[in-house]
>>> print(open('my_file.cif').read())   # mmCIF, C-alpha atoms
data_coords
loop_
_atom_site.group_PDB
_atom_site.id
_atom_site.type_symbol
_atom_site.label_atom_id
_atom_site.label_comp_id
_atom_site.auth_asym_id
_atom_site.auth_seq_id
_atom_site.Cartn_x
_atom_site.Cartn_y
_atom_site.Cartn_z
ATOM 1 C CA MET S 695 6.637 -1.211 3.738
ATOM 2 C CA THR S 696 8.508 -1.586 6.985
ATOM 3 C CA THR S 697 9.776 -4.952 8.186
ATOM 4 C CA ALA S 698 6.709 -5.265 10.428
ATOM 5 C CA HIS S 699 4.606 -4.699 7.316
ATOM 6 C CA SER S 700 6.463 -7.122 5.039
ATOM 7 C CA GLU S 701 4.675 -9.950 3.261
ATOM 8 C CA GLU S 702 6.413 -12.465 5.507
ATOM 9 C CA ALA S 703 5.488 -10.728 8.766
ATOM 10 C CA LEU S 704 1.876 -10.071 7.765
ATOM 11 C CA LYS S 705 1.371 -13.593 6.462
ATOM 12 C CA ALA S 706 2.845 -15.030 9.658
ATOM 13 C CA LEU S 707 0.421 -12.951 11.739
ATOM 14 C CA MET S 708 -2.489 -14.029 9.528
ATOM 15 C CA LEU S 709 -1.571 -17.702 9.851
ATOM 16 C CA LEU S 710 -1.224 -17.397 13.634
ATOM 17 C CA SER S 711 -4.582 -15.645 13.831
ATOM 18 C CA LEU S 712 -6.229 -18.361 11.737
ATOM 19 C CA ASP S 713 -4.836 -20.835 14.257
ATOM 20 C CA GLY S 714 -6.545 -18.944 17.094
ATOM 21 C CA ASP S 715 -3.840 -16.538 18.305
ATOM 22 C CA GLU S 716 -5.854 -13.449 19.298
ATOM 23 C CA ALA S 717 -2.783 -11.326 20.078
ATOM 24 C CA ALA S 718 -1.412 -12.007 16.579
ATOM 25 C CA TYR S 719 -4.778 -11.040 15.098
ATOM 26 C CA ARG S 720 -4.768 -7.722 16.987
ATOM 27 C CA ARG S 721 -1.208 -7.021 15.787
ATOM 28 C CA LEU S 722 -2.267 -7.905 12.240
ATOM 29 C CA LEU S 723 -5.232 -5.523 12.336
ATOM 30 C CA THR S 724 -3.057 -2.723 13.739
ATOM 31 C CA ALA S 725 -0.463 -3.186 10.989
ATOM 32 C CA LEU S 726 -3.126 -3.400 8.288
ATOM 33 C CA ARG S 727 -4.806 -0.227 9.544
ATOM 34 C CA VAL S 728 -1.536 1.667 8.994
ATOM 35 C CA LEU S 729 -1.153 0.205 5.493
ATOM 36 C CA LEU S 730 -4.763 0.984 4.590
ATOM 37 C CA VAL S 731 -4.529 4.612 5.666
ATOM 38 C CA GLY S 732 -1.527 5.041 3.367
ATOM 39 C CA TYR S 733 -3.121 3.049 0.558
ATOM 40 C CA TYR S 734 -6.400 4.964 0.624
ATOM 41 C CA SER S 735 -4.837 8.379 1.201
ATOM 42 C CA ARG S 736 -2.818 7.973 -2.016
ATOM 43 C CA ARG S 737 -5.974 7.057 -3.929
ATOM 44 C CA MET S 738 -8.537 9.396 -2.357
ATOM 45 C CA ALA S 739 -7.026 12.865 -2.344
ATOM 46 C CA ALA S 740 -10.391 14.598 -1.890
ATOM 47 C CA ALA S 741 -11.734 12.257 0.791
ATOM 48 C CA THR S 742 -12.634 13.497 4.235
ATOM 49 C CA ARG S 743 -11.036 11.947 7.283
ATOM 50 C CA ALA S 744 -14.404 10.379 8.122
ATOM 51 C CA ASP S 745 -14.696 8.788 4.657
ATOM 52 C CA MET S 746 -11.184 7.445 4.950
ATOM 53 C CA GLU S 747 -11.824 6.012 8.418
ATOM 54 C CA ASP S 748 -15.102 4.449 7.255
ATOM 55 C CA LEU S 749 -13.344 2.793 4.346
ATOM 56 C CA VAL S 750 -10.552 1.471 6.584
ATOM 57 C CA GLN S 751 -13.153 0.038 8.992
ATOM 58 C CA GLU S 752 -15.192 -1.528 6.163
ATOM 59 C CA THR S 753 -12.052 -3.164 4.784
ATOM 60 C CA LEU S 754 -11.004 -4.558 8.160
ATOM 61 C CA LEU S 755 -14.534 -5.885 8.698
ATOM 62 C CA ALA S 756 -14.446 -7.516 5.261
ATOM 63 C CA LEU S 757 -11.110 -9.110 6.159
ATOM 64 C CA HIS S 758 -12.628 -10.426 9.375
ATOM 65 C CA SER S 759 -15.661 -11.884 7.659
ATOM 66 C CA ARG S 760 -13.651 -13.418 4.799
ATOM 67 C CA ARG S 761 -10.539 -14.581 6.621
ATOM 68 C CA SER S 762 -11.617 -18.220 6.448
ATOM 69 C CA THR S 763 -11.374 -17.969 2.638
ATOM 70 C CA TYR S 764 -7.676 -17.101 2.733
ATOM 71 C CA ASP S 765 -5.549 -19.755 1.015
ATOM 72 C CA ARG S 766 -2.498 -20.329 3.238
ATOM 73 C CA ASN S 767 -0.357 -21.150 0.209
ATOM 74 C CA ARG S 768 -0.903 -17.782 -1.476
ATOM 75 C CA PRO S 769 0.641 -14.378 -0.675
ATOM 76 C CA PHE S 770 -1.354 -12.637 2.037
ATOM 77 C CA THR S 771 -0.895 -9.066 0.842
ATOM 78 C CA ALA S 772 -2.221 -9.839 -2.654
ATOM 79 C CA TRP S 773 -5.354 -11.318 -1.106
ATOM 80 C CA PHE S 774 -5.762 -8.483 1.395
ATOM 81 C CA PHE S 775 -5.212 -5.640 -1.069
ATOM 82 C CA SER S 776 -7.720 -7.175 -3.462
ATOM 83 C CA ILE S 777 -10.286 -6.717 -0.668
ATOM 84 C CA ALA S 778 -9.096 -3.128 -0.190
ATOM 85 C CA ARG S 779 -9.378 -2.395 -3.920
ATOM 86 C CA TYR S 780 -12.918 -3.703 -4.108
ATOM 87 C CA LYS S 781 -13.904 -1.637 -1.070
ATOM 88 C CA LEU S 782 -12.431 1.450 -2.744
ATOM 89 C CA ILE S 783 -14.330 0.718 -5.939
ATOM 90 C CA ASP S 784 -17.540 0.259 -3.940
ATOM 91 C CA HIS S 785 -16.855 3.603 -2.271
ATOM 92 C CA HIS S 786 -16.484 5.344 -5.646
ATOM 93 C CA ARG S 787 -19.652 3.715 -6.946
ATOM 94 C CA GLY S 788 -21.550 4.835 -3.867
ATOM 95 C CA ARG S 789 -20.456 8.408 -4.575
ATOM 96 C CA GLY S 790 -21.633 8.335 -8.189
ATOM 97 C CA GLY S 791 -18.197 7.541 -9.559
ATOM 98 C CA ARG S 792 -19.299 4.381 -11.340
ATOM 99 C CA ARG S 793 -17.358 5.123 -14.508
ATOM 100 C CA LEU S 794 -14.183 5.871 -12.524
ATOM 101 C CA ALA S 795 -14.684 2.705 -10.491
ATOM 102 C CA GLU S 796 -15.166 0.532 -13.570
ATOM 103 C CA THR S 797 -12.117 1.994 -15.280
ATOM 104 C CA GLU S 798 -10.048 1.608 -12.139
ATOM 105 C CA LEU S 799 -11.153 -1.991 -11.697
ATOM 106 C CA ASP S 800 -10.336 -2.897 -15.300
ATOM 107 C CA ASP S 801 -6.915 -1.263 -15.096
ATOM 108 C CA GLU S 802 -6.047 -2.794 -11.756
ATOM 109 C CA ILE S 803 -7.162 -6.292 -12.673
ATOM 110 C CA GLU S 804 -4.834 -6.052 -15.651
ATOM 111 C CA SER S 805 -1.879 -4.550 -13.812
ATOM 112 C CA ASP S 806 -1.980 -4.665 -10.018
ATOM 113 C CA PHE S 807 -3.341 -8.108 -9.270
ATOM 114 C CA SER S 808 -0.203 -9.900 -10.394
ATOM 115 C CA GLU S 809 1.875 -11.388 -7.631
ATOM 116 C CA ASP S 810 5.059 -10.366 -9.464
ATOM 117 C CA ARG S 811 3.982 -6.717 -9.452
ATOM 118 C CA LEU S 812 3.072 -6.859 -5.771
ATOM 119 C CA THR S 813 6.371 -8.533 -4.889
ATOM 120 C CA ALA S 814 8.279 -5.914 -6.894
ATOM 121 C CA ARG S 815 6.442 -3.142 -5.051
ATOM 122 C CA MET S 816 7.332 -4.716 -1.696
ATOM 123 C CA ASP S 817 10.991 -4.943 -2.811
ATOM 124 C CA VAL S 818 10.964 -1.245 -3.720
ATOM 125 C CA GLU S 819 9.414 -0.397 -0.344
ATOM 126 C CA ARG S 820 12.113 -2.416 1.437
ATOM 127 C CA LEU S 821 14.784 -0.508 -0.461
ATOM 128 C CA LEU S 822 13.161 2.821 0.347
ATOM 129 C CA ASP S 823 12.968 1.917 4.046
ATOM 130 C CA GLY S 824 16.745 2.393 4.194
ATOM 131 C CA LEU S 825 16.479 6.040 3.123
ATOM 132 C CA PRO S 826 15.674 9.039 5.307
ATOM 133 C CA PRO S 827 11.890 9.695 5.409
ATOM 134 C CA ARG S 828 12.123 12.919 3.375
ATOM 135 C CA GLN S 829 13.995 11.169 0.558
ATOM 136 C CA GLN S 830 11.564 8.242 0.664
ATOM 137 C CA GLU S 831 8.642 10.591 0.140
ATOM 138 C CA LEU S 832 10.330 12.483 -2.698
ATOM 139 C CA ILE S 833 11.150 9.236 -4.524
ATOM 140 C CA ARG S 834 7.567 8.034 -4.070
ATOM 141 C CA GLN S 835 6.052 11.271 -5.336
ATOM 142 C CA VAL S 836 8.326 11.916 -8.314
ATOM 143 C CA LYS S 837 9.572 8.509 -9.425
ATOM 144 C CA LEU S 838 6.764 6.150 -8.397
ATOM 145 C CA GLU S 839 3.632 8.310 -8.565
ATOM 146 C CA GLY S 840 4.787 10.512 -11.454
ATOM 147 C CA SER S 841 4.404 13.939 -9.844
ATOM 148 C CA SER S 842 6.502 16.705 -11.380
ATOM 149 C CA VAL S 843 9.473 18.129 -9.519
ATOM 150 C CA ALA S 844 7.729 21.516 -9.454
ATOM 151 C CA ASP S 845 4.532 20.099 -7.897
ATOM 152 C CA THR S 846 6.513 18.078 -5.382
ATOM 153 C CA ALA S 847 8.585 21.132 -4.442
ATOM 154 C CA THR S 848 5.401 23.136 -3.856
ATOM 155 C CA ARG S 849 3.809 20.352 -1.763
ATOM 156 C CA THR S 850 6.906 19.846 0.372
ATOM 157 C CA GLY S 851 7.894 23.510 0.710
ATOM 158 C CA GLN S 852 11.309 22.895 -0.839
ATOM 159 C CA SER S 853 12.935 24.488 -3.862
ATOM 160 C CA GLU S 854 12.926 22.532 -7.112
ATOM 161 C CA SER S 855 16.704 22.259 -6.987
ATOM 162 C CA ALA S 856 16.565 20.873 -3.428
ATOM 163 C CA VAL S 857 14.054 18.236 -4.571
ATOM 164 C CA LYS S 858 16.257 17.301 -7.549
ATOM 165 C CA VAL S 859 19.401 17.075 -5.413
ATOM 166 C CA SER S 860 17.650 14.999 -2.754
ATOM 167 C CA ILE S 861 16.252 12.586 -5.355
ATOM 168 C CA HIS S 862 19.654 12.317 -7.027
ATOM 169 C CA ARG S 863 21.336 11.497 -3.705
ATOM 170 C CA ALA S 864 18.614 8.986 -2.831
ATOM 171 C CA LEU S 865 18.966 7.217 -6.183
ATOM 172 C CA LYS S 866 22.726 7.158 -5.801
ATOM 173 C CA ALA S 867 22.395 5.602 -2.317
ATOM 174 C CA LEU S 868 19.924 3.025 -3.648
ATOM 175 C CA GLY S 869 22.306 2.179 -6.503
ATOM 176 C CA GLU S 870 25.173 1.693 -4.080
ATOM 177 C CA ARG S 871 23.025 -0.532 -1.887
ATOM 178 C CA LEU S 872 21.985 -2.642 -4.857
ATOM 179 C CA ARG S 873 25.628 -3.018 -5.944
ATOM 180 C CA GLY S 874 26.572 -3.899 -2.374
ATOM 181 C CA THR S 875 28.992 -0.997 -2.025
ATOM 182 C CA SER S 876 27.252 0.834 0.806
#
>>> encode(input="my_file.cif", output="structure tokens")
Amino acid sequence: MTTAHSEEALKALMLLSLDGDEAAYRRLLTALRVLLVGYYSRRMAAATRADMEDLVQETLLALHSRRSTYDRNRPFTAWFFSIARYKLIDHHRGRGGRRLAETELDDEIESDFSEDRLTARMDVERLLDGLPPRQQELIRQVKLEGSSVADTATRTGQSESAVKVSIHRALKALGERLRGTS
């Protein structure tokens, strides 16, 4: 999550838009569109571009119609991504994936709806933002999403050893940053 996509920035835009600031609302929708494309693309590998765009639009429309229900004292991204999750589940159900959707909903209610988990994810994204884009992607694929080094190497067109070295260097840089030595 970039600084423009941080909880603080998105919540500020949401609050301004609730107070009638149309420019802030347009900026919010633009930022959320970017986040949704990434969110859905990680969860819908087989989706067509049209399906993805439809789902992004449906989610933004749901945000628009439900924005008056947002509690200003709660984290914005938790509220917003709960809308996105339900839209994704509806999408799976509409495609005959009811069992997948039910399983996904049960799992995510248990694990992803916690504010602590969401905050931790945003912290990780902030840390990753300081890395070069290639290293960010390798860390996401191997360490966060659980892809194997071999699969990641194939997807990125790199050798397995190059992937390992890049991840090692990225983790070392993150460690130094966390210790305050970089």
>>> residues_around(input="my_file.cif", residues="Arg760 in chain S", least_positions_apart="3", cutoff="12 Å", atoms="all atoms listed in the file", output="count of residues only")
13
>>> atom_distance(input="my_file.cif", atom1="CA of Val731 in chain S", atom2="CA of Val859 in chain S")
29.2 Å
>>> resolve_selection(input="my_file.cif", expression="the PyMOL selection byres ((chain S and resi 847) around 12)", output="PDB file with C-alpha atoms, in the frame of the given file")
ATOM      1  CA  ARG S 828      12.123  12.919   3.375  1.00  0.00           C
ATOM      2  CA  GLU S 831       8.642  10.591   0.140  1.00  0.00           C
ATOM      3  CA  LEU S 832      10.330  12.483  -2.698  1.00  0.00           C
ATOM      4  CA  GLN S 835       6.052  11.271  -5.336  1.00  0.00           C
ATOM      5  CA  VAL S 836       8.326  11.916  -8.314  1.00  0.00           C
ATOM      6  CA  SER S 841       4.404  13.939  -9.844  1.00  0.00           C
ATOM      7  CA  SER S 842       6.502  16.705 -11.380  1.00  0.00           C
ATOM      8  CA  VAL S 843       9.473  18.129  -9.519  1.00  0.00           C
ATOM      9  CA  ALA S 844       7.729  21.516  -9.454  1.00  0.00           C
ATOM     10  CA  ASP S 845       4.532  20.099  -7.897  1.00  0.00           C
ATOM     11  CA  THR S 846       6.513  18.078  -5.382  1.00  0.00           C
ATOM     12  CA  THR S 848       5.401  23.136  -3.856  1.00  0.00           C
ATOM     13  CA  ARG S 849       3.809  20.352  -1.763  1.00  0.00           C
ATOM     14  CA  THR S 850       6.906  19.846   0.372  1.00  0.00           C
ATOM     15  CA  GLY S 851       7.894  23.510   0.710  1.00  0.00           C
ATOM     16  CA  GLN S 852      11.309  22.895  -0.839  1.00  0.00           C
ATOM     17  CA  SER S 853      12.935  24.488  -3.862  1.00  0.00           C
ATOM     18  CA  GLU S 854      12.926  22.532  -7.112  1.00  0.00           C
ATOM     19  CA  SER S 855      16.704  22.259  -6.987  1.00  0.00           C
ATOM     20  CA  ALA S 856      16.565  20.873  -3.428  1.00  0.00           C
ATOM     21  CA  VAL S 857      14.054  18.236  -4.571  1.00  0.00           C
ATOM     22  CA  LYS S 858      16.257  17.301  -7.549  1.00  0.00           C
ATOM     23  CA  VAL S 859      19.401  17.075  -5.413  1.00  0.00           C
ATOM     24  CA  SER S 860      17.650  14.999  -2.754  1.00  0.00           C
ATOM     25  CA  ILE S 861      16.252  12.586  -5.355  1.00  0.00           C
TER      26      ILE S 861
END
>>> resolve_selection(input="my_file.cif", expression="the PyMOL selection byres ((chain S and resi 725) around 12)", output="PDB file with C-alpha atoms, in the frame of the given file")
ATOM      1  CA  MET S 695       6.637  -1.211   3.738  1.00  0.00           C
ATOM      2  CA  THR S 696       8.508  -1.586   6.985  1.00  0.00           C
ATOM      3  CA  THR S 697       9.776  -4.952   8.186  1.00  0.00           C
ATOM      4  CA  ALA S 698       6.709  -5.265  10.428  1.00  0.00           C
ATOM      5  CA  HIS S 699       4.606  -4.699   7.316  1.00  0.00           C
ATOM      6  CA  SER S 700       6.463  -7.122   5.039  1.00  0.00           C
ATOM      7  CA  GLU S 701       4.675  -9.950   3.261  1.00  0.00           C
ATOM      8  CA  ALA S 703       5.488 -10.728   8.766  1.00  0.00           C
ATOM      9  CA  LEU S 704       1.876 -10.071   7.765  1.00  0.00           C
ATOM     10  CA  LYS S 705       1.371 -13.593   6.462  1.00  0.00           C
ATOM     11  CA  LEU S 707       0.421 -12.951  11.739  1.00  0.00           C
ATOM     12  CA  MET S 708      -2.489 -14.029   9.528  1.00  0.00           C
ATOM     13  CA  ALA S 718      -1.412 -12.007  16.579  1.00  0.00           C
ATOM     14  CA  TYR S 719      -4.778 -11.040  15.098  1.00  0.00           C
ATOM     15  CA  ARG S 720      -4.768  -7.722  16.987  1.00  0.00           C
ATOM     16  CA  ARG S 721      -1.208  -7.021  15.787  1.00  0.00           C
ATOM     17  CA  LEU S 722      -2.267  -7.905  12.240  1.00  0.00           C
ATOM     18  CA  LEU S 723      -5.232  -5.523  12.336  1.00  0.00           C
ATOM     19  CA  THR S 724      -3.057  -2.723  13.739  1.00  0.00           C
ATOM     20  CA  LEU S 726      -3.126  -3.400   8.288  1.00  0.00           C
ATOM     21  CA  ARG S 727      -4.806  -0.227   9.544  1.00  0.00           C
ATOM     22  CA  VAL S 728      -1.536   1.667   8.994  1.00  0.00           C
ATOM     23  CA  LEU S 729      -1.153   0.205   5.493  1.00  0.00           C
ATOM     24  CA  LEU S 730      -4.763   0.984   4.590  1.00  0.00           C
ATOM     25  CA  VAL S 731      -4.529   4.612   5.666  1.00  0.00           C
ATOM     26  CA  GLY S 732      -1.527   5.041   3.367  1.00  0.00           C
ATOM     27  CA  VAL S 750     -10.552   1.471   6.584  1.00  0.00           C
ATOM     28  CA  LEU S 754     -11.004  -4.558   8.160  1.00  0.00           C
ATOM     29  CA  THR S 771      -0.895  -9.066   0.842  1.00  0.00           C
TER      30      THR S 771
END
>>> resolve_selection(input="my_file.cif", expression="the PyMOL selection byres ((chain S and resi 864-866) around 10)", output="ChimeraX atom specification")
/S:822,824-826,828-830,832-833,858-863,867-872
>>> atom_distance(input="my_file.cif", atom1="CA of Tyr733 in chain S", atom2="CA of Arg834 in chain S")
12.7 Å
>>> closest_residue(input="my_file.cif", among="S:Met746, S:Val818, S:Tyr734, S:Ser759", to="Phe775 in chain S", atoms="only C-alpha atoms")
S:Tyr734
>>> atom_distance(input="my_file.cif", atom1="CA of Leu749 in chain S", atom2="CA of His785 in chain S")
7.5 Å
>>> closest_residue(input="my_file.cif", among="S:Ala717, S:Glu747, S:Glu752, S:Glu702", to="Arg768 in chain S", atoms="only C-alpha atoms")
S:Glu702
>>> closest_residue(input="my_file.cif", among="S:His758, S:Ala706, S:Leu782, S:Lys837", to="Ser735 in chain S", atoms="only C-alpha atoms")
S:Leu782
>>> axis_aligned_box(input="my_file.cif", around="range 753-772 of chain S", padding_each_side="5 Å", output="AutoDock Vina command-line options")
--center_x -7.5 --center_y -12.2 --center_z 3.4 --size_x 26.3 --size_y 28.0 --size_z 22.0
